[in-house]
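Asker: First the structure, then my questions, so here it is.
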Amino acid sequence: QHQTWKDIYCIYWKSHYKPAFGLMMAYIIYSTIAEQNEGEGKLPMVLVVVSMIAWIITPVLFSPFPRWNLILQDLCEFNGFITSGAGSNDADIAEVVSRGKKGTVRSLYETGLAEELDVWSEQHLLMLGVTLVSKIAVGLLVVAWLPAEILDFLPIFVVILSLSWVAVLGYFAAGLNNVFLVLSFLLWAAAVPLAHMIIGNRFASPDAYTRLPEYVISTTVFLYFLGIAKDFVLLTCRILFTLCPCISQEVATRRLQECIRACFVYFLVQQVHMVEAYVVLFANALTASVLAIFDQVCCNAHTWFLLNRELARTTHGDTYMKK
């Protein structure tokens with residue numbers, strides 16, 4: 001039975017795709033720094049590269065029936081899954097929680113929001129606090145270790161974040177219009193022209209290539225501290241709604257879920273998920289296309305390897321046991 005890209009993403013996004021993107025970011029940082037010395041002393045990192053590529057492509061690599069009609073169908077379905085607004089309404093929160101536990105999410109938004117609701121509503125408060133303190137400790141070590149030249153780039157992202165929040169506010173004010181949600185992400189392209197007005201000529205001095213490691217590292221640091229800020233806000237909300245004696249448990253739970261939903265968009269969690277999902281979509285399309293060509297050229301060898309010889313006899317464009 002063919003497994004769609006949507007189902008593959010829902011199954012593997014935490015076990016495969018999430019660690020793959022974390023490893024990919026670390027490798028990009030290492031590579032950009034090493035290239036400043038013209039590659040001298042740079043390690044090949046073959047195992048690292050193979051690991052992050054394998055995490056992304058193996059779910060499709062071991063998926064049977066790489067047929068062109070199924071690839072087109074999966075491409076359209078997965079794109080609709082990414083852009084769908086299912087589960088974004090305030091009244092849908094209870095259903096999002098239920099679908100997340102059952103594994104029947106309808107959109108990328110529901111997938112990420114269900115995970116956030118599960119973490120911040122059901123995990124032990126002490127564990128959340130310890131995790132936040134650990135992240136803050138790591139963040140302080142990073143600030144103490146990184147040169148000031150890299151940290152000087154952070155104000156650029158703070159300014160763009162404020163503009164992004166205006167678009168997110170429009171997203172909620174306009175009845176969850178996805179145009180504003182996409183705009184909140186596209187505004188980050190303004191970082192380049194606005195950088196000169198924020199930090200002056202240092203943004204591209206002596207040239208952009210020389211500053212490339214600082215761009216990459218400062219972006220990673222900003223996203224890390226943005227995640228810490230989100231965790232702090234949600235932990236504070238969790239403590240306040242848990243300890244507040246003025247409201248009932250039901251009202252406190254609903255208010256906390258509303259805060260989680262707002263932070264999910266304001267702190268760019270959904271936007272980052274969309275970027276990662278489109279990278280997965282591109283990787284899936286490339287991998288499935290290569291497998292489809294391989295099956296056509298090599299007499300359905302991939303299908304034979306995964307399933308059996310009988311199914312491998314089915315020609316492209318036909319259905320098994322079709323008369």
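Convention: chains lettered A, B, ... in structure tokens order; per-chain residue numbering from 1; ligands numbered from 1 as shown.
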Which residues of region 214-288 of chain A sit at most 8 Å from region 7-27 of chain A, using only C-alpha atoms? Give each one's shortest atom pair and distance in Å (one decimal place), in chain and ascending residue order, as a Markdown table.
Answerer:
```
| residue | atom | partner | partner_atom | distance |
| --- | --- | --- | --- | --- |
| A:Thr220 | CA | A:Met25 | CA | 7.9 |
| A:Glu276 | CA | A:Phe21 | CA | 7.6 |
| A:Val280 | CA | A:Tyr17 | CA | 7.9 |
```
Asker: Determine, counting only C-alpha atoms, which protein, DNA and RNA residues have an atom within 6 Å of an atom of Ser107 (chain A); residues of the same chain fewer than 3 positions away are not included. Present the result as a list in words.
Answerer: Phe81, Ser84, Ala86 and Glu110 of chain A
Asker: Please produce an output containing all heavy atoms for each residue in the selection, written as a JSON list (two decimals), in the first residue's frame.
Answerer:
```json
[["chain", "number", "residue", "atom", "x", "y", "z"],
["A", 81, "PHE", "N", -1.52, 20.31, 2.61],
["A", 81, "PHE", "CA", -1.33, 20.05, 4.04],
["A", 81, "PHE", "C", -0.53, 21.16, 4.71],
["A", 81, "PHE", "O", -0.84, 21.60, 5.81],
["A", 81, "PHE", "CB", -0.63, 18.70, 4.20],
["A", 81, "PHE", "CG", -0.21, 18.36, 5.60],
["A", 81, "PHE", "CD1", -1.13, 17.87, 6.51],
["A", 81, "PHE", "CD2", 1.11, 18.50, 6.00],
["A", 81, "PHE", "CE1", -0.75, 17.55, 7.81],
["A", 81, "PHE", "CE2", 1.51, 18.19, 7.28],
["A", 81, "PHE", "CZ", 0.58, 17.70, 8.19],
["A", 84, "SER", "N", -2.72, 24.52, 4.59],
["A", 84, "SER", "CA", -4.08, 24.45, 5.13],
["A", 84, "SER", "C", -4.19, 25.18, 6.47],
["A", 84, "SER", "O", -3.26, 25.18, 7.28],
["A", 84, "SER", "CB", -4.49, 22.98, 5.31],
["A", 84, "SER", "OG", -5.75, 22.89, 5.96],
["A", 86, "ALA", "N", -6.59, 24.38, 8.65],
["A", 86, "ALA", "CA", -7.40, 23.52, 9.53],
["A", 86, "ALA", "C", -6.83, 23.50, 10.93],
["A", 86, "ALA", "O", -5.63, 23.33, 11.14],
["A", 86, "ALA", "CB", -7.44, 22.09, 8.97],
["A", 110, "GLU", "N", -1.95, 22.07, 12.59],
["A", 110, "GLU", "CA", -2.44, 21.18, 13.64],
["A", 110, "GLU", "C", -1.32, 20.31, 14.20],
["A", 110, "GLU", "O", -1.27, 20.05, 15.41],
["A", 110, "GLU", "CB", -3.55, 20.28, 13.10],
["A", 110, "GLU", "CG", -4.93, 20.88, 13.18],
["A", 110, "GLU", "CD", -6.02, 19.86, 12.92],
["A", 110, "GLU", "OE1", -5.69, 18.70, 12.58],
["A", 110, "GLU", "OE2", -7.20, 20.21, 13.05]]
```
Asker: For the atom pair CA of Met197 (chain A) and CA of Ser162 (chain A), what is the interatomic distance in Å to one decimal place?
Answerer: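 Going from CA of Met197 (chain A) over to CA of Ser162 (chain A), I get 15.6 Å.
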Asker: Enumerate as a PyMOL selection string all residues of region 72-267 of chain A assigned to helix (DSSP H, G or I) by DSSP on the backbone, naming them with the chain letters and numbers the document uses.
Answerer: chain A and resi 72-83+90-102+108-122+125-145+148-151+154-173+178-204+208-243+249-266
Asker: Using only C-alpha atoms, find the one residue out of A:Leu212, A:Ile93, A:Leu223, A:Ala285 that sits nearest to Tyr109 (chain A).
Answerer: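 Answer, going by the shortest atom-to-atom distance: A:Ile93.
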Asker: Residues at most 6 Å from region 63-78 of chain A, counting only C-alpha atoms, excluding those fewer than 4 positions away in the same chain, as a list in words?
Answerer: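 Using only C-alpha atoms, the neighbours found are His2, Thr4, Trp5, Lys6, Ala288, Ala292 and Thr303 of chain A.
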Asker: With N, CA and C atoms kept, could you save the residues just selected as a PDB file, in the first residue's frame?
Answerer:
```pdb
ATOM      1  N   HIS A   2       0.513   2.204  -0.853  1.00  0.00           N
ATOM      2  CA  HIS A   2       1.283   3.439  -0.960  1.00  0.00           C
ATOM      3  C   HIS A   2       1.059   4.319   0.263  1.00  0.00           C
ATOM      4  N   THR A   4       1.383   8.046   1.710  1.00  0.00           N
ATOM      5  CA  THR A   4       1.473   9.404   1.180  1.00  0.00           C
ATOM      6  C   THR A   4       2.537  10.201   1.926  1.00  0.00           C
ATOM      7  N   TRP A   5       3.007  11.276   1.272  1.00  0.00           N
ATOM      8  CA  TRP A   5       4.007  12.138   1.899  1.00  0.00           C
ATOM      9  C   TRP A   5       3.451  12.806   3.143  1.00  0.00           C
ATOM     10  N   LYS A   6       2.189  13.118   3.145  1.00  0.00           N
ATOM     11  CA  LYS A   6       1.554  13.713   4.324  1.00  0.00           C
ATOM     12  C   LYS A   6       1.633  12.754   5.514  1.00  0.00           C
ATOM     13  N   ALA A 288      11.681  10.690  -4.854  1.00  0.00           N
ATOM     14  CA  ALA A 288      10.664   9.869  -5.512  1.00  0.00           C
ATOM     15  C   ALA A 288      10.842   9.871  -7.028  1.00  0.00           C
ATOM     16  N   ALA A 292      11.398   6.627  -9.271  1.00  0.00           N
ATOM     17  CA  ALA A 292      10.488   6.320 -10.381  1.00  0.00           C
ATOM     18  C   ALA A 292      11.272   6.044 -11.662  1.00  0.00           C
ATOM     19  N   THR A 303      10.567  -1.622  -6.431  1.00  0.00           N
ATOM     20  CA  THR A 303       9.319  -2.225  -5.957  1.00  0.00           C
ATOM     21  C   THR A 303       9.529  -3.697  -5.607  1.00  0.00           C
TER      22      THR A 303
END
```
Asker: Any idea what's packed within 12 Å of Ala189 (chain A), counting only C-alpha atoms, ignoring anything in its chain fewer than 5 positions away? Could you give it as a list in words?
Answerer: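 That gives Ile156, Phe157, Ile160, Leu161, Leu163, Ser164, Leu183, Ser184, Leu194 and Ala195 of chain A.
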Asker: Counting only C-alpha atoms, what is within 8 Å of Leu176 (chain A), bar same-chain residues fewer than 3 positions away, as a ChimeraX atom specification?
Answerer: /A:88-89,171-173
Asker: For region 266-275 of chain A, please output as a list in words all residues within 7 Å (counting only C-alpha atoms; exclusion window: fewer than 6 positions along the same chain).
Answerer: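 Listed by chain and then number, they are Ile82, Tyr109, Gly112, Trp165, Val168, Phe185, Leu226 and Lys230 of chain A.
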Asker: So, counting only C-alpha atoms, which residue among A:Pro147, A:Pro193, A:Gly200, A:Gly100 is closest to Pro213 (chain A)?
Answerer: A:Pro147
